[in-house]
Structure formats: structure tokens, C-alpha cells
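Undergrad: The structure that follows is given in the form of C-alpha cells.
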Amino acid sequence: MASIFVEGTVDKELGSKSIGSLLWAYSLPTIIATVATSLYNIIDRVFVGQIVGPLAISGITVSLPFMNVCTALGTLISTGAAAIISIRLGEKRTHDSLLTLGNAVLLSVLVSSLVSIIGLVFLDEILCLFGASSLSLPYARSFMRIILIGNPIAQLFFCLNAIMRASCYPAKAMWAMLLTMAVNLILVYLFVYEIGMGISGAALATVLGQAAGLILVLIHFFNTKSHLHFQRFSFDIQWNIAKHIFSIGLSPFLIHISTCLVVAICNWQLRNYGGDYAIAAYGVISTVVNLVVVVVLGLAQGMQPIVGYNSGAGRFDRVVRALWFTICIGTGVTLIGFVVMQLWPYRIAYCFTSDFVLADLIRSGMRLYSIMFPLVGFQVVVSNFFQSIGKPKTAIFLSISRQCIFWIPFVLVLPYFYGLNGVWYAMPVADFLSTLVTASLLIYHYRKFPLEVQINNVENESITAF
């Protein structure tokens with residue numbers, strides 16, 4: 001699909017085209033891209049699990065909290081910049097969009113490089129903090145060393161890819177993500193299966209795939225024919241712009257940070273009540289669950305430019321229609337995921353391992369973990385909706401309530417009564433309670449939505465008077 005952003009045509013597209021066709025046009029490339037990202041993570045784990053063994057999966061799993069920290073800081077910048085650019089384009093403030101682009105690039109490079117340096121210096125201590133045992137630590141160390149070296153490449157790629165999608169080039173953003181998956185798939189087979197590099201080969205394949213995607217998006221932003229492209233004046237750090245980027249991006253940042261905390265606590269509890277194999281089982285379960293969630297995230301991200309533009313343009317009726325349409329589809333997606341995980345957990349498990357003990361742990365854990373999974377689609381869409389209309393405080397609260405407010409207390413308490421199963425029970429309990437909170441807040445804001453958006457747009461203008 002060619003870019004739909006041509007000067008003078010955005011009103012025709014985002015401001016008047018049917019919500020269903022717009023959501024399809026923007027979500028499908030994003031879904032394909034995010035699923036591609038999730039799939040190459042799954043491919044890594046399949047090769048590692050089948051060829052290297054269960055302890056290697058455990059090593060990757062204890063690396064996840066640290067990887068979430070890296071992703072959180074990247075998302076803080078990329079999501080915030082993408083949301084601001086969508087709104088500024090709706091307000092026809094192209095100059096401000098270019099300033100946001102340049103500042104996002106500089107911030108992404110600076111923050112990711114700092115994280116990599118700190119991470120490499122204190123790698124073993126950090127991995128042990130996140131649940132690595134003496135058996136899984138060598139695998140986790142080998143994996144994360146390469147991931148951290150490539151972290152600036154990865155974060156700059158994800159930042160520019162999000163901005164490309166927000167500036168009305170969803171198809172190009174999709175192809176960039178598909179390129180990373182294709183390169184990773186080829187290289188992980190070559191490095192892990194043919195050459196025998198083990199877990200290090202999986203990490204190297206991931207980094208090189210992201211480097212290929214970065215080259216593609218850099219070509220786009222260096223092209224002067226692109227509506228938003230690099231210009232010298234853009235690369236001037238302005239702290240009021242940075243502050244607004246961080247403000248809008250704080251919600252997804254806190255999601256990833258809370259996920260980091262959740263996974264670390266979960267690893268501790270799993271190690272205490274089930275050992276390294278239980279951690280490996282959680283790694284597989286979370287990977288499968290994430291594959292479904294990223295589809296909903298793709299829908300929510302596809303909704304973002306529609307909601308952002310129309311809220312900036314004062315088209316509140318279209319904003320509301322986009323929200324409810326996305327909620328219905330997102331809930332349907334998580335319902336399908338729930339059915340698959342309940343009916344065929346063994347088939348999923350044996351894709352990752354031939355070890356019967358690990359497969360049985362995956363089966364029992366997956367069925368318990370996903371009991372309330374159909375509710376997750378609603379939560380993800382509504383949280384992203386508040387972020388898209390520039391209401392970071394509400395989005396932040398919804399982002400952290402599911403995991404930090406509800407999940408952590410239950411995962412600490414329930415294992416005392418139910419052992420390993422208590423770890424699995426904690427998530428469905430948290431899903432149910434956080435859905436009640438999300439629905440209550442949506443109803444409250446929905447009743448006065450047009451007035452709130454108008455007030456918020458005025459506040460945004462005062463904050464970002466560049």
C-alpha cells in the first residue's frame with residue numbers, strides 16, 4: 001500500500017474516510033509488523049529450545065526483564081514522538097512535527113547508548129537480580145551481551161519505524177518490520193542450526209535483522225520526497241519538546257517497566273516453587289501470550305493516528321467510533337487466543353521443546369494463566385486510547401494497575417497457598433480486577449469526552465509552544 005500522506009489529502013483520508021477502512025488500512029500493516037517482531041522472538045526460542053535445550057530457554061526468560069527495561073526506554077521516546085506527530089499533523093503544524101522527529105532521534109541514540117554501557121558493566125549482577133541461577137546465568141550472559149551491543153541500533157529502528165507509521169506511511173513501516181523478521185529467520189537458522197553458535201547466534205541474528213530494518217527506515221527519512229524527512233534544524237535538542245515526548249510516552253514506558261518488575265518477581269517465585277524448568281515454561285507461555293497481545297497492540301497503534309488526528313481536528317464523533325470499533329475487534333482477538341491456549345496447550349509446548357517435563361509444565365501453566373485472557377483486549381485498547389488523545393495520567397494509571405496494583409500482591413501471596421499454581425492464578429485475578437477499573441474510568445470519561453479533549457488540546461498547545 002502506497003503512502004496516503006500527500007499534502008492536502010490527510011483531511012480526505014483521516015478526517016472523512018470510513019473508520020472501518022481506515023482502521024484496516026492502518027492496523028493491518030502494523031499488525032503484520034508487530035506479529036513479525038513477535039514471530040522472530042518465537043523463532044529464536046524454538047531453535048534455542050529444540051537445539052540448545054530447556055536451560056537456554058530459561059536463560060532467555062531471565063533476560064526478559066532487562067530487555068523490557070531497554071524496550072521501555074525506547075518506547076518512552078518512540079510512542080511519545082509518534083503520538084505528538086499524529087496530533088501535530090492533524091493541527092497542520094508540520095514544522096513542529098519535524099522538530100519532534102529530530103529530537104526523538106537524538107534522545108533515542110543517547111538513552112539507548114547509556115543503557116547499553118551500564119548494562120554491559122553490571123550484566124551478571126543485573127541478571128542475577130532478575131532471577132538467573134548458576135545454571136541459567138551463562139546462557140543469559142551470552143545472549144544479553146550481544147543484545148546490549150546492538151541496543152542503540154534496535155531502539156533507533158523502533159523509534160523511526162513508529163514515527164514513519166504515525167506520519168501516514170504504515171505500509172513502509174510494515175515492510176521494514178517484515179525485513180527484520182526475514183533477515184532474522186535466515187540468520188538464526190544459519191547461526192544456531194548450521195554453524196552451532198547456540199544462544200549467541202540467536203542474539204546476533206536478532207541484532208542484524210534490526211540493523212537491516214534500520215537501513216530501510218533511514219533511507220525513507222533521508223529521502224526529501226518524504227513529507228517528514230531529516231532537516232538540519234530538526235536536530236536541535238529542545239527540552240520542552242523532550243518533556244512533552246516523555247509525558248505522552250510515559251504510559252507505555254510504565255507498562256514495560258511494570259512488566260519488567262512483574263517478570264522479575266515471577267522469575268523469583270517460579271524459581272522458588274518450580275526451579276529453572278518452571279522459568280522456562282513461563283518463557284514459552286509469555287511468548288505465546290505476547291503473540292496474541294501484539295495483534296491487539298497493532299490494532300491500538302493503527303487506531304492512534306485516526307484518534308490523534310480527529311481529536312486534534314475536533315471530530316469527536318469519529319474518535320468515539322474508532323474507539324468502539326477497535327475494542328470489539330481487540331476483544332475478539334483475545335477470545336480466539338484464549339480458545340487456542342485452552343484447547344491445544346500440548347501442541348504449542350512441543351513446538352518449543354521435546355522435553356516431556358517442560359511440556360507438561362507449559363500445558364498446566366498456560367491453561368491457568370489464560371483463564372481471563374479475553375478481557376485483555378479491552379484493557380489494551382482503552383489504555384492506548386487515552387494515550388492517543390493526550391491524556392497520559394489516565395493512560396499511566398490503567399497501564400500500571402493490571403500488573404503493579406493487582407498482579408504483584410497476588411503473585412506474592414497465592415503461591416503460599418497453591419504452590420506453583422498460585423503463580424499462574426495471579427494473572428487471571430489481576431485481569432479481572434483491572435478490567436473493572438478500566439471500564440469504570442472509560443464510562444466516567446466517555447460522558448464528558450468532547451470537553452476533555454478540547455481542554456487537553458489547549459494544554460498541549462501551551463506546553464509545546466515551540
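The chains in the C-alpha cells are called A, B, ... from first to last as shown; in each chain the residues are counted from 1, and the ligands are counted from 1 in the order shown.
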Counting only C-alpha atoms, what is within 6 Å of segment 172-183 of chain A, bar same-chain residues fewer than 2 positions away, as a ChimeraX atom specification?

TA: /A:29-30,33,36,40,161,165,169-170,185-186,209-210,213

Undergrad: Do a neighbour search on segment 95-99 of chain A at 6 Å with only C-alpha atoms, toss out local chain neighbours closer than 2 positions, and write the hits as a PyMOL selection string.

TA: chain A and resi 85+93+101-102+234

Undergrad: Keeping only N, CA and C atoms, take the residues you just selected and write them out as a PDB file, in the first residue's frame.

TA:
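again34.pdb, written as the output of this step:
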```
ATOM      1  N   ILE A  85       3.387  13.623  16.828  1.00  0.00           N
ATOM      2  CA  ILE A  85       3.423  13.899  15.398  1.00  0.00           C
ATOM      3  C   ILE A  85       2.049  13.711  14.767  1.00  0.00           C
ATOM      4  N   ARG A  93       0.605  21.424  11.721  1.00  0.00           N
ATOM      5  CA  ARG A  93       1.827  22.048  12.255  1.00  0.00           C
ATOM      6  C   ARG A  93       3.022  21.190  11.849  1.00  0.00           C
ATOM      7  N   LEU A 101      10.532  14.972  15.330  1.00  0.00           N
ATOM      8  CA  LEU A 101      11.296  13.895  14.694  1.00  0.00           C
ATOM      9  C   LEU A 101      12.774  13.984  15.062  1.00  0.00           C
ATOM     10  N   GLY A 102      13.387  15.141  14.879  1.00  0.00           N
ATOM     11  CA  GLY A 102      14.810  15.282  15.169  1.00  0.00           C
ATOM     12  C   GLY A 102      15.148  15.065  16.624  1.00  0.00           C
ATOM     13  N   SER A 234      15.984  20.332  12.601  1.00  0.00           N
ATOM     14  CA  SER A 234      15.268  19.390  13.468  1.00  0.00           C
ATOM     15  C   SER A 234      16.146  18.879  14.607  1.00  0.00           C
TER      16      SER A 234
END
```

Undergrad: So which one's closest to Gln231 of chain A, A:Val105, A:Tyr139, A:Ile43, A:Cys404? Using only C-alpha atoms, please.

TA: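 Nearest candidate to Gln231 of chain A out of A:Val105, A:Tyr139, A:Ile43, A:Cys404: A:Val105.
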
Undergrad: Using Å and a single decimal, report how far atom CA of Ser311 of chain A sits from atom CA of Trp324 of chain A.

TA: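 Those two atoms sit 15.1 Å apart.
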
Undergrad: Write out as CSV the residues of segment 212-288 of chain A that have any atom within 8 Å of an atom of segment 376-393 of chain A, one row each with the nearest atom pair and its distance in Å to one decimal, counting only C-alpha atoms, sorted by chain and then rising number.

TA:
```
residue,atom,partner,partner_atom,distance
A:Ser247,CA,A:Pro392,CA,6.6
A:Ile248,CA,A:Pro392,CA,5.5
A:Gly249,CA,A:Pro392,CA,7.8
A:Leu250,CA,A:Pro392,CA,7.0
A:Ser251,CA,A:Pro392,CA,6.1
```

Undergrad: Pick out each residue of segment 11-240 of chain A that DSSP on the backbone tags as helix (DSSP H, G or I); I need them as a PyMOL selection string.

TA: chain A and resi 11-14+19-52+54-90+94-121+123-129+137-149+151-166+170-194+199-222+232-234+239-240

Undergrad: Report as a CSV table (one decimal) with N, CA and C atoms, in the first residue's frame all protein, DNA and RNA residues lying within 8 Å of segment 152-159 of chain A, evaluated on only C-alpha atoms, omitting residues in the same chain fewer than 3 positions from it.

TA:
```
chain,number,residue,atom,x,y,z
A,71,THR,N,13.5,-1.8,26.2
A,71,THR,CA,12.3,-1.5,25.4
A,71,THR,C,11.5,-0.4,26.0
A,74,GLY,N,13.1,2.9,25.1
A,74,GLY,CA,12.9,3.2,23.7
A,74,GLY,C,11.4,3.6,23.4
A,75,THR,N,10.5,2.9,24.1
A,75,THR,CA,9.1,3.2,23.9
A,75,THR,C,8.7,4.6,24.5
A,77,ILE,N,10.3,7.2,24.2
A,77,ILE,CA,10.6,8.2,23.2
A,77,ILE,C,9.8,7.9,21.9
A,78,SER,N,9.7,6.7,21.4
A,78,SER,CA,9.1,6.4,20.1
A,78,SER,C,7.6,6.6,20.2
A,79,THR,N,6.9,6.1,21.2
A,79,THR,CA,5.5,6.2,21.3
A,79,THR,C,5.1,7.7,21.6
A,104,ALA,N,13.5,13.3,18.8
A,104,ALA,CA,13.2,11.8,19.1
A,104,ALA,C,14.5,11.0,18.7
A,105,VAL,N,15.1,11.3,17.5
A,105,VAL,CA,16.2,10.6,17.1
A,105,VAL,C,17.4,10.8,18.1
A,108,SER,N,16.7,9.1,21.4
A,108,SER,CA,16.8,7.6,21.3
A,108,SER,C,18.3,7.1,21.3
A,109,VAL,N,19.1,7.8,20.5
A,109,VAL,CA,20.5,7.4,20.5
A,109,VAL,C,21.2,7.6,21.8
A,112,SER,N,19.6,5.0,24.6
A,112,SER,CA,19.9,3.6,24.4
A,112,SER,C,21.4,3.3,24.6
A,113,SER,N,22.3,4.2,24.2
A,113,SER,CA,23.7,4.0,24.4
A,113,SER,C,24.1,4.0,25.9
A,116,SER,N,23.1,0.7,27.3
A,116,SER,CA,24.0,-0.4,26.9
A,116,SER,C,25.3,-0.4,27.7
A,149,ILE,N,24.9,-4.7,23.0
A,149,ILE,CA,25.8,-4.1,22.0
A,149,ILE,C,24.9,-3.5,20.9
A,162,ALA,N,8.1,3.7,14.3
A,162,ALA,CA,6.8,4.2,14.9
A,162,ALA,C,6.5,5.6,14.3
A,163,ILE,N,7.5,6.5,14.1
A,163,ILE,CA,7.2,7.8,13.5
A,163,ILE,C,6.8,7.7,12.0
A,207,VAL,N,20.0,-8.9,16.3
A,207,VAL,CA,20.6,-7.6,16.1
A,207,VAL,C,20.8,-7.3,14.6
A,210,GLN,N,17.5,-6.3,13.0
A,210,GLN,CA,17.1,-4.9,13.3
A,210,GLN,C,18.0,-3.9,12.5
A,211,ALA,N,19.2,-4.2,12.3
A,211,ALA,CA,20.1,-3.4,11.6
A,211,ALA,C,19.6,-3.2,10.1
A,213,GLY,N,16.5,-3.5,9.1
A,213,GLY,CA,15.3,-2.7,9.2
A,213,GLY,C,15.7,-1.2,9.3
A,214,LEU,N,16.7,-0.9,10.2
A,214,LEU,CA,17.1,0.5,10.4
A,214,LEU,C,17.6,1.1,9.1
A,217,VAL,N,14.5,2.3,7.1
A,217,VAL,CA,13.8,3.5,7.6
A,217,VAL,C,14.7,4.7,7.4
```

Undergrad: So how many Å separate atom CA of Leu129 of chain A and atom CA of Met67 of chain A, to one decimal?

TA: 13.5 Å

Undergrad: Let me make sure I understand: among A:Leu106, A:Leu218, A:Leu323, A:Leu299, which one has the smallest atom-to-atom distance to Trp239 of chain A if we use only C-alpha atoms?

TA: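 Between A:Leu106, A:Leu218, A:Leu323, A:Leu299, the residue approaching Trp239 of chain A most closely is A:Leu106.
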
Undergrad: For Val263 of chain A, work out the shell of residues within 8 Å, counting only C-alpha atoms and skipping chain neighbours fewer than 5 positions away, then give it as a ChimeraX atom specification.

TA: /A:64-65,130

Undergrad: What lies within 8 Å of Ile408 of chain A using only C-alpha atoms, ignoring chain neighbours under 4 positions off, as a ChimeraX atom specification?

TA: /A:262,265,403-404,412,426

Undergrad: Calculate how many Å separate atom CA of Asp317 of chain A from atom CA of Lys17 of chain A, rounding to one decimal.

TA: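 About the pair atom CA of Asp317 of chain A and atom CA of Lys17 of chain A: they are 13.0 Å apart.
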
Undergrad: Taking only C-alpha atoms into account, which of A:Phe406, A:Ile19, A:Leu343, A:Phe235 comes nearest Val320 of chain A?

TA: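 Among the listed residues, the smallest separation from Val320 of chain A belongs to A:Ile19.
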